[in-house]
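upload.csv follows; it contains CSV, N, CA and C atoms and all ligand atoms.
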```csv
chain,number,residue,atom,x,y,z
A,523,MET,N,-7.8,20.4,12.3
A,523,MET,CA,-7.7,19.9,13.7
A,523,MET,C,-6.4,20.2,14.3
A,524,ARG,N,-6.3,20.3,15.6
A,524,ARG,CA,-5.1,20.5,16.2
A,524,ARG,C,-5.1,19.8,17.6
A,525,ALA,N,-4.2,18.8,17.7
A,525,ALA,CA,-4.1,18.1,19.0
A,525,ALA,C,-3.1,18.9,19.9
A,526,GLU,N,-3.5,19.1,21.2
A,526,GLU,CA,-2.7,19.9,22.1
A,526,GLU,C,-2.5,19.2,23.4
A,527,ALA,N,-1.4,19.5,24.0
A,527,ALA,CA,-1.2,19.1,25.4
A,527,ALA,C,-0.6,20.3,26.1
A,528,GLY,N,-1.3,20.7,27.2
A,528,GLY,CA,-0.8,21.9,27.9
A,528,GLY,C,-0.8,23.2,27.1
A,529,GLY,N,-1.7,23.2,26.1
A,529,GLY,CA,-1.8,24.4,25.3
A,529,GLY,C,-0.9,24.5,24.1
A,530,ALA,N,0.0,23.4,23.9
A,530,ALA,CA,0.9,23.4,22.8
A,530,ALA,C,0.5,22.3,21.9
A,531,ALA,N,0.8,22.5,20.6
A,531,ALA,CA,0.4,21.5,19.6
A,531,ALA,C,1.3,20.3,19.8
A,532,VAL,N,0.7,19.1,19.7
A,532,VAL,CA,1.5,17.8,19.7
A,532,VAL,C,1.2,17.1,18.4
A,533,PRO,N,2.1,16.3,17.9
A,533,PRO,CA,1.9,15.6,16.6
A,533,PRO,C,0.8,14.6,16.7
A,534,LEU,N,-0.1,14.7,15.7
A,534,LEU,CA,-1.2,13.7,15.5
A,534,LEU,C,-0.7,12.8,14.3
A,535,ALA,N,-0.5,11.6,14.7
A,535,ALA,CA,0.0,10.6,13.7
A,535,ALA,C,-1.2,9.9,13.1
A,536,ASP,N,-1.1,9.6,11.8
A,536,ASP,CA,-2.2,8.9,11.1
A,536,ASP,C,-3.5,9.5,11.3
A,537,GLY,N,-3.6,10.8,11.3
A,537,GLY,CA,-4.9,11.5,11.6
A,537,GLY,C,-5.9,11.3,10.5
A,538,ARG,N,-7.1,11.0,10.9
A,538,ARG,CA,-8.2,10.8,10.0
A,538,ARG,C,-9.5,11.5,10.5
A,539,ILE,N,-10.3,11.9,9.6
A,539,ILE,CA,-11.6,12.4,10.0
A,539,ILE,C,-12.7,11.8,9.1
A,540,SER,N,-13.8,11.5,9.7
A,540,SER,CA,-14.9,10.9,8.9
A,540,SER,C,-16.2,11.6,9.3
A,541,PHE,N,-17.2,11.6,8.4
A,541,PHE,CA,-18.4,12.3,8.6
A,541,PHE,C,-19.6,11.4,8.4
A,542,ALA,N,-20.6,11.5,9.2
A,542,ALA,CA,-21.8,10.7,9.1
A,542,ALA,C,-23.0,11.5,9.6
A,543,MET,N,-24.2,11.2,9.0
A,543,MET,CA,-25.4,11.8,9.5
A,543,MET,C,-26.2,10.7,10.2
A,544,ARG,N,-27.4,11.0,10.7
A,544,ARG,CA,-28.2,9.9,11.4
A,544,ARG,C,-28.6,8.9,10.4
A,545,MET,N,-28.8,9.3,9.1
A,545,MET,CA,-29.2,8.3,8.1
A,545,MET,C,-28.0,8.0,7.2
A,546,PRO,N,-28.0,6.9,6.5
A,546,PRO,CA,-26.9,6.6,5.6
A,546,PRO,C,-26.7,7.7,4.5
A,547,MET,N,-25.5,8.2,4.5
A,547,MET,CA,-25.2,9.3,3.5
A,547,MET,C,-24.0,9.0,2.7
A,548,GLY,N,-23.5,7.7,2.7
A,548,GLY,CA,-22.3,7.4,2.0
A,548,GLY,C,-21.1,7.5,2.9
A,549,ASP,N,-20.0,7.2,2.3
A,549,ASP,CA,-18.7,7.1,3.0
A,549,ASP,C,-17.9,8.4,2.9
A,550,HIS,N,-17.6,9.0,3.9
A,550,HIS,CA,-16.9,10.3,3.9
A,550,HIS,C,-15.7,10.3,4.8
A,551,ARG,N,-14.6,9.8,4.3
A,551,ARG,CA,-13.4,9.6,5.1
A,551,ARG,C,-12.3,10.4,4.5
A,552,TYR,N,-11.5,11.1,5.3
A,552,TYR,CA,-10.4,11.9,4.8
A,552,TYR,C,-9.2,11.7,5.7
A,553,ALA,N,-8.0,11.8,5.1
A,553,ALA,CA,-6.8,11.8,5.9
A,553,ALA,C,-6.6,13.3,6.3
A,554,LEU,N,-6.1,13.4,7.5
A,554,LEU,CA,-5.7,14.8,8.0
A,554,LEU,C,-4.2,14.9,7.7
A,555,LEU,N,-3.9,16.0,6.9
A,555,LEU,CA,-2.5,16.2,6.5
A,555,LEU,C,-1.9,17.3,7.3
A,556,PRO,N,-0.6,17.1,7.6
A,556,PRO,CA,0.1,18.1,8.4
A,556,PRO,C,0.1,19.5,7.7
A,557,ALA,N,-0.2,20.5,8.5
A,557,ALA,CA,-0.2,21.9,8.0
A,557,ALA,C,0.6,22.7,8.9
A,558,ALA,N,0.6,24.0,8.7
A,558,ALA,CA,1.4,25.0,9.5
A,558,ALA,C,0.9,25.0,11.0
A,559,ASP,N,1.8,25.3,11.9
A,559,ASP,CA,1.6,25.6,13.3
A,559,ASP,C,0.9,24.4,14.0
A,560,GLY,N,1.2,23.2,13.6
A,560,GLY,CA,0.7,22.0,14.3
A,560,GLY,C,-0.7,21.6,13.9
A,561,TRP,N,-1.3,22.3,12.9
A,561,TRP,CA,-2.6,22.0,12.5
A,561,TRP,C,-2.6,20.8,11.5
A,562,ALA,N,-3.7,20.0,11.5
A,562,ALA,CA,-3.8,18.9,10.5
A,562,ALA,C,-5.1,19.2,9.8
A,563,GLU,N,-5.0,19.2,8.4
A,563,GLU,CA,-6.1,19.7,7.6
A,563,GLU,C,-6.6,18.6,6.6
A,564,ALA,N,-7.9,18.8,6.3
A,564,ALA,CA,-8.5,18.0,5.2
A,564,ALA,C,-9.4,18.9,4.4
A,565,ALA,N,-9.4,18.9,3.1
A,565,ALA,CA,-10.4,19.6,2.3
A,565,ALA,C,-11.6,18.6,2.2
A,566,VAL,N,-12.8,19.0,2.6
A,566,VAL,CA,-13.9,18.1,2.7
A,566,VAL,C,-15.1,18.6,1.9
A,567,VAL,N,-15.7,17.7,1.2
A,567,VAL,CA,-16.9,18.0,0.4
A,567,VAL,C,-18.0,17.1,0.9
A,568,LEU,N,-19.1,17.6,1.4
A,568,LEU,CA,-20.2,16.7,1.9
A,568,LEU,C,-21.4,17.0,1.0
A,569,PRO,N,-22.3,16.0,0.8
A,569,PRO,CA,-23.5,16.2,0.0
A,569,PRO,C,-24.5,16.9,0.9
A,570,ARG,N,-25.4,17.6,0.2
A,570,ARG,CA,-26.5,18.2,0.9
A,570,ARG,C,-27.6,17.1,1.1
A,571,CYS,N,-28.1,17.0,2.3
A,571,CYS,CA,-29.0,16.0,2.7
A,571,CYS,C,-30.4,16.3,2.1
A,572,PRO,N,-31.0,15.3,1.3
A,572,PRO,CA,-32.3,15.5,0.7
A,572,PRO,C,-33.4,15.8,1.8
A,573,SER,N,-33.2,15.4,3.0
A,573,SER,CA,-34.2,15.6,4.1
A,573,SER,C,-34.2,17.1,4.5
A,574,GLY,N,-33.1,17.8,4.2
A,574,GLY,CA,-33.0,19.2,4.7
A,574,GLY,C,-32.3,19.3,6.0
A,575,GLN,N,-32.0,18.2,6.6
A,575,GLN,CA,-31.2,18.2,7.8
A,575,GLN,C,-29.8,18.7,7.5
A,576,VAL,N,-29.2,19.4,8.5
A,576,VAL,CA,-27.9,19.9,8.3
A,576,VAL,C,-26.8,19.4,9.3
A,577,ARG,N,-27.3,18.5,10.2
A,577,ARG,CA,-26.4,18.1,11.3
A,577,ARG,C,-25.6,16.8,10.9
A,578,TRP,N,-24.3,17.0,10.9
A,578,TRP,CA,-23.3,15.9,10.7
A,578,TRP,C,-22.6,15.6,12.0
A,579,PHE,N,-22.0,14.4,12.0
A,579,PHE,CA,-21.2,14.1,13.2
A,579,PHE,C,-19.8,13.7,12.6
A,580,ALA,N,-18.8,14.4,13.1
A,580,ALA,CA,-17.4,14.2,12.6
A,580,ALA,C,-16.7,13.4,13.7
A,581,THR,N,-16.0,12.4,13.2
A,581,THR,CA,-15.1,11.6,14.1
A,581,THR,C,-13.7,11.8,13.7
A,582,VAL,N,-12.9,12.3,14.6
A,582,VAL,CA,-11.4,12.4,14.4
A,582,VAL,C,-10.7,11.3,15.1
A,583,GLU,N,-9.8,10.7,14.4
A,583,GLU,CA,-9.0,9.6,15.0
A,583,GLU,C,-7.5,9.8,14.6
A,584,GLY,N,-6.7,9.3,15.5
A,584,GLY,CA,-5.3,9.4,15.2
A,584,GLY,C,-4.5,8.9,16.5
A,585,THR,N,-3.2,9.1,16.4
A,585,THR,CA,-2.3,8.6,17.5
A,585,THR,C,-1.6,9.8,18.0
A,586,VAL,N,-1.6,10.0,19.3
A,586,VAL,CA,-0.9,11.1,20.0
A,586,VAL,C,0.0,10.4,21.0
A,587,ALA,N,1.3,10.7,20.8
A,587,ALA,CA,2.3,10.1,21.7
A,587,ALA,C,2.2,8.6,21.9
A,588,GLY,N,1.9,7.9,20.8
A,588,GLY,CA,1.8,6.5,20.8
A,588,GLY,C,0.5,5.9,21.3
A,589,THR,N,-0.5,6.8,21.7
A,589,THR,CA,-1.8,6.4,22.2
A,589,THR,C,-2.9,6.7,21.2
A,590,PRO,N,-3.7,5.7,20.8
A,590,PRO,CA,-4.8,6.0,19.9
A,590,PRO,C,-5.8,6.9,20.6
A,591,ARG,N,-6.2,8.0,19.9
A,591,ARG,CA,-7.2,8.9,20.5
A,591,ARG,C,-8.3,9.2,19.4
A,592,SER,N,-9.5,9.5,19.9
A,592,SER,CA,-10.5,9.9,19.0
A,592,SER,C,-11.4,10.9,19.7
A,593,ALA,N,-12.1,11.7,18.9
A,593,ALA,CA,-13.0,12.7,19.4
A,593,ALA,C,-14.1,12.8,18.4
A,594,ARG,N,-15.3,13.2,18.9
A,594,ARG,CA,-16.5,13.3,18.1
A,594,ARG,C,-17.0,14.7,18.2
A,595,PHE,N,-17.4,15.2,17.1
A,595,PHE,CA,-18.0,16.6,17.1
A,595,PHE,C,-19.3,16.6,16.3
A,596,GLN,N,-20.2,17.5,16.6
A,596,GLN,CA,-21.3,17.7,15.7
A,596,GLN,C,-21.1,19.0,15.0
A,597,VAL,N,-21.5,18.9,13.7
A,597,VAL,CA,-21.3,20.0,12.8
A,597,VAL,C,-22.6,20.3,12.1
A,598,ASP,N,-23.1,21.5,12.2
A,598,ASP,CA,-24.3,22.0,11.5
A,598,ASP,C,-23.8,22.8,10.3
A,599,LEU,N,-24.1,22.3,9.1
A,599,LEU,CA,-23.7,23.0,7.9
A,599,LEU,C,-24.6,24.2,7.6
A,600,ALA,N,-24.0,25.3,7.2
A,600,ALA,CA,-24.8,26.5,6.8
A,600,ALA,C,-25.0,26.4,5.3
A,601,PRO,N,-26.2,26.9,4.9
A,601,PRO,CA,-26.4,27.0,3.5
A,601,PRO,C,-25.4,27.9,2.8
A,602,PRO,N,-25.0,27.5,1.5
A,602,PRO,CA,-24.0,28.4,0.9
A,602,PRO,C,-24.5,29.8,0.8
A,603,ALA,N,-23.6,30.7,0.9
A,603,ALA,CA,-24.0,32.1,0.8
A,603,ALA,C,-24.4,32.5,-0.6
A,604,ALA,N,-25.4,33.3,-0.7
A,604,ALA,CA,-25.9,33.7,-2.0
A,604,ALA,C,-24.7,34.5,-2.7
A,605,ARG,N,-24.5,34.1,-4.0
A,605,ARG,CA,-23.4,34.8,-4.7
A,605,ARG,C,-24.0,36.1,-5.2
A,606,SER,N,-23.2,37.1,-5.1
A,606,SER,CA,-23.6,38.4,-5.6
A,606,SER,C,-23.3,38.4,-7.1
A,607,ALA,N,-24.2,39.1,-7.8
A,607,ALA,CA,-24.0,39.2,-9.3
A,607,ALA,C,-22.7,40.0,-9.6
A,608,PRO,N,-22.0,39.6,-10.6
A,608,PRO,CA,-20.8,40.3,-11.0
A,608,PRO,C,-21.0,41.8,-11.4
A,701,CU,CU,-28.9,12.9,5.4
```

What does the file become when written as C-alpha cells?
Ligand SMILES: [Cu+2]
Amino acid sequence: MRAEAGGAAVPLADGRISFAMRMPMGDHRYALLPAADGWAEAAVVLPRCPSGQVRWFATVEGTVAGTPRSARFQVDLAPPAARSAP
C-alpha cells in the first residue's frame, strides 16, 4: 500500500490490512510494515475457498497526518500458475 497526498507518499502510521470473504474464512489480519519509497507492505497468505469463489475484500486502516483513514478493496485471486517441469 502507499498513502499519497498530491501524488507524494505520506507516512501511514499503524498501518494494517485485513481480508474477508462473504462467508466466514477465518481471521486474516496483517501489519503493514514500512518499505522503500513510501510503500507499506505485508506478506499475505490466504486460504483457497472450498466454494471455488475467488473474491476477497481487503480493508486497509491506518493513521495519516493524525487522522484515522481506511479504504476497502476487492481482490480476485488468480489460481496459482502451473509449474513447469524442471
Ligand atoms: Cu470462502

key: 6.5 Å shell around ligand CU 701 (chain A) using all atoms listed in the file, listed as JSON, numbers by chain   = {"A": [543, 544, 545, 546, 547, 570, 571, 572, 573, 575]}

Can you spit out the residues from that selection as a short mmCIF file (atom, residue, chain, number, x, y, z; two decimals), in the coordinates of the input, using N, CA and C atoms?
```cif
data_model
loop_
_atom_site.label_atom_id
_atom_site.label_comp_id
_atom_site.auth_asym_id
_atom_site.auth_seq_id
_atom_site.Cartn_x
_atom_site.Cartn_y
_atom_site.Cartn_z
N MET A 543 -24.20 11.20 9.00
CA MET A 543 -25.40 11.80 9.50
C MET A 543 -26.20 10.70 10.20
N ARG A 544 -27.40 11.00 10.70
CA ARG A 544 -28.20 9.90 11.40
C ARG A 544 -28.60 8.90 10.40
N MET A 545 -28.80 9.30 9.10
CA MET A 545 -29.20 8.30 8.10
C MET A 545 -28.00 8.00 7.20
N PRO A 546 -28.00 6.90 6.50
CA PRO A 546 -26.90 6.60 5.60
C PRO A 546 -26.70 7.70 4.50
N MET A 547 -25.50 8.20 4.50
CA MET A 547 -25.20 9.30 3.50
C MET A 547 -24.00 9.00 2.70
N ARG A 570 -25.40 17.60 0.20
CA ARG A 570 -26.50 18.20 0.90
C ARG A 570 -27.60 17.10 1.10
N CYS A 571 -28.10 17.00 2.30
CA CYS A 571 -29.00 16.00 2.70
C CYS A 571 -30.40 16.30 2.10
N PRO A 572 -31.00 15.30 1.30
CA PRO A 572 -32.30 15.50 0.70
C PRO A 572 -33.40 15.80 1.80
N SER A 573 -33.20 15.40 3.00
CA SER A 573 -34.20 15.60 4.10
C SER A 573 -34.20 17.10 4.50
N GLN A 575 -32.00 18.20 6.60
CA GLN A 575 -31.20 18.20 7.80
C GLN A 575 -29.80 18.70 7.50
#
```

remark   = Among A:Gly588, A:Met523, A:Ile539, A:Val597, Pro556 in chain A is approached most closely, using only C-alpha atoms, by A:Met523

request  = To one decimal in Å, tell me the separation between atom N of Ala593 in chain A and atom C of Thr581 in chain A.
outcome  = 5.4 Å

query = If you count all atoms listed in the file, which residues fall within 7 Å of Arg551 in chain A, apart from same-chain ones fewer than 2 positions away, as a list in words?
reply = Arg538, Ile539, Ser540, Phe541, Asp549 and Ala553 of chain A

task = Rank nothing, just name the residue among A:Phe595, A:Pro608, A:Gly529, A:Gly560 nearest to Trp578 in chain A, using all atoms listed in the file.
result = A:Phe595

message = At a cut-off of 7 Å, using only N, CA and C atoms, what residues contact Gly537 in chain A? Leave out same-chain residues fewer than 4 positions from it and give the result as an MDAnalysis selection string.
response = chainID A and resid 552:555 582:585

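Between atom N of Pro569 in chain A and atom N of Ala600 in chain A there is a distance of 11.4 Å.
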
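The shell of residues at most 7 Å from Ala531 in chain A, with all atoms listed in the file counted and near chain neighbours (fewer than 6 positions) removed, consists of Arg524, Ala525, Asp559, Gly560 and Trp561 of chain A.
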
inquiry  = Calculated over all atoms listed in the file, which of the candidates A:Asp598, A:Arg591, A:Ala562, A:His550 has the smallest distance to Val576 in chain A?
reply    = A:Asp598

Can we get range 551-563 of chain A of that structure written down with all heavy atoms, as a short mmCIF file (atom, residue, chain, number, x, y, z; two decimals), in the first residue's frame?
```
data_model
loop_
_atom_site.label_atom_id
_atom_site.label_comp_id
_atom_site.auth_asym_id
_atom_site.auth_seq_id
_atom_site.Cartn_x
_atom_site.Cartn_y
_atom_site.Cartn_z
N ARG A 551 -5.44 -10.92 9.45
CA ARG A 551 -5.02 -9.55 9.73
C ARG A 551 -3.51 -9.47 9.69
O ARG A 551 -2.82 -10.35 10.21
CB ARG A 551 -5.47 -9.12 11.13
CG ARG A 551 -6.95 -9.17 11.32
CD ARG A 551 -7.32 -9.01 12.79
NE ARG A 551 -8.75 -9.12 12.95
CZ ARG A 551 -9.57 -8.08 12.81
NH1 ARG A 551 -9.09 -6.89 12.56
NH2 ARG A 551 -10.87 -8.25 12.92
N TYR A 552 -3.02 -8.42 9.10
CA TYR A 552 -1.58 -8.23 8.97
C TYR A 552 -1.21 -6.79 9.27
O TYR A 552 -1.97 -5.87 8.94
CB TYR A 552 -1.13 -8.53 7.52
CG TYR A 552 -1.35 -9.96 7.11
CD1 TYR A 552 -2.60 -10.37 6.63
CD2 TYR A 552 -0.33 -10.89 7.21
CE1 TYR A 552 -2.81 -11.69 6.25
CE2 TYR A 552 -0.54 -12.21 6.82
CZ TYR A 552 -1.78 -12.61 6.35
OH TYR A 552 -1.98 -13.90 5.98
N ALA A 553 -0.04 -6.60 9.85
CA ALA A 553 0.52 -5.25 9.99
C ALA A 553 1.18 -4.87 8.67
O ALA A 553 1.81 -5.70 8.00
CB ALA A 553 1.54 -5.23 11.11
N LEU A 554 1.02 -3.62 8.28
CA LEU A 554 1.72 -3.09 7.11
C LEU A 554 3.03 -2.49 7.61
O LEU A 554 3.04 -1.62 8.47
CB LEU A 554 0.87 -2.03 6.41
CG LEU A 554 -0.35 -2.56 5.67
CD1 LEU A 554 -1.27 -1.41 5.27
CD2 LEU A 554 0.05 -3.36 4.44
N LEU A 555 4.13 -2.99 7.07
CA LEU A 555 5.45 -2.57 7.53
C LEU A 555 6.07 -1.59 6.54
O LEU A 555 5.93 -1.76 5.32
CB LEU A 555 6.36 -3.80 7.69
CG LEU A 555 5.79 -4.88 8.62
CD1 LEU A 555 6.73 -6.08 8.68
CD2 LEU A 555 5.55 -4.32 10.02
N PRO A 556 6.76 -0.58 7.05
CA PRO A 556 7.37 0.41 6.15
C PRO A 556 8.37 -0.26 5.20
O PRO A 556 9.15 -1.11 5.61
CB PRO A 556 8.08 1.37 7.11
CG PRO A 556 7.41 1.17 8.43
CD PRO A 556 6.96 -0.26 8.46
N ALA A 557 8.31 0.14 3.94
CA ALA A 557 9.21 -0.38 2.91
C ALA A 557 9.76 0.81 2.12
O ALA A 557 9.53 1.97 2.48
CB ALA A 557 8.48 -1.37 2.02
N ALA A 558 10.45 0.53 1.04
CA ALA A 558 11.10 1.59 0.27
C ALA A 558 10.08 2.50 -0.41
O ALA A 558 8.96 2.09 -0.71
CB ALA A 558 12.02 0.97 -0.78
N ASP A 559 10.48 3.74 -0.64
CA ASP A 559 9.73 4.70 -1.46
C ASP A 559 8.32 4.97 -0.93
O ASP A 559 7.40 5.21 -1.71
CB ASP A 559 9.65 4.22 -2.92
CG ASP A 559 11.03 4.07 -3.55
OD1 ASP A 559 11.91 4.90 -3.22
OD2 ASP A 559 11.23 3.14 -4.34
N GLY A 560 8.17 4.91 0.37
CA GLY A 560 6.87 5.25 0.96
C GLY A 560 5.84 4.13 0.93
O GLY A 560 4.70 4.34 1.33
N TRP A 561 6.25 2.96 0.47
CA TRP A 561 5.32 1.83 0.45
C TRP A 561 5.24 1.20 1.83
O TRP A 561 6.18 1.27 2.62
CB TRP A 561 5.76 0.79 -0.58
CG TRP A 561 5.55 1.26 -1.98
CD1 TRP A 561 6.43 1.96 -2.75
CD2 TRP A 561 4.38 1.09 -2.78
NE1 TRP A 561 5.87 2.24 -3.98
CE2 TRP A 561 4.63 1.73 -4.02
CE3 TRP A 561 3.14 0.48 -2.56
CZ2 TRP A 561 3.67 1.75 -5.04
CZ3 TRP A 561 2.20 0.51 -3.58
CH2 TRP A 561 2.46 1.13 -4.80
N ALA A 562 4.11 0.57 2.10
CA ALA A 562 3.93 -0.23 3.31
C ALA A 562 3.50 -1.61 2.84
O ALA A 562 2.60 -1.75 2.00
CB ALA A 562 2.86 0.39 4.20
N GLU A 563 4.16 -2.63 3.37
CA GLU A 563 3.99 -3.96 2.82
C GLU A 563 3.59 -4.99 3.87
O GLU A 563 3.93 -4.84 5.05
CB GLU A 563 5.30 -4.43 2.17
CG GLU A 563 5.74 -3.56 1.02
CD GLU A 563 7.05 -4.03 0.40
OE1 GLU A 563 7.78 -4.83 1.03
OE2 GLU A 563 7.33 -3.58 -0.72
#
```
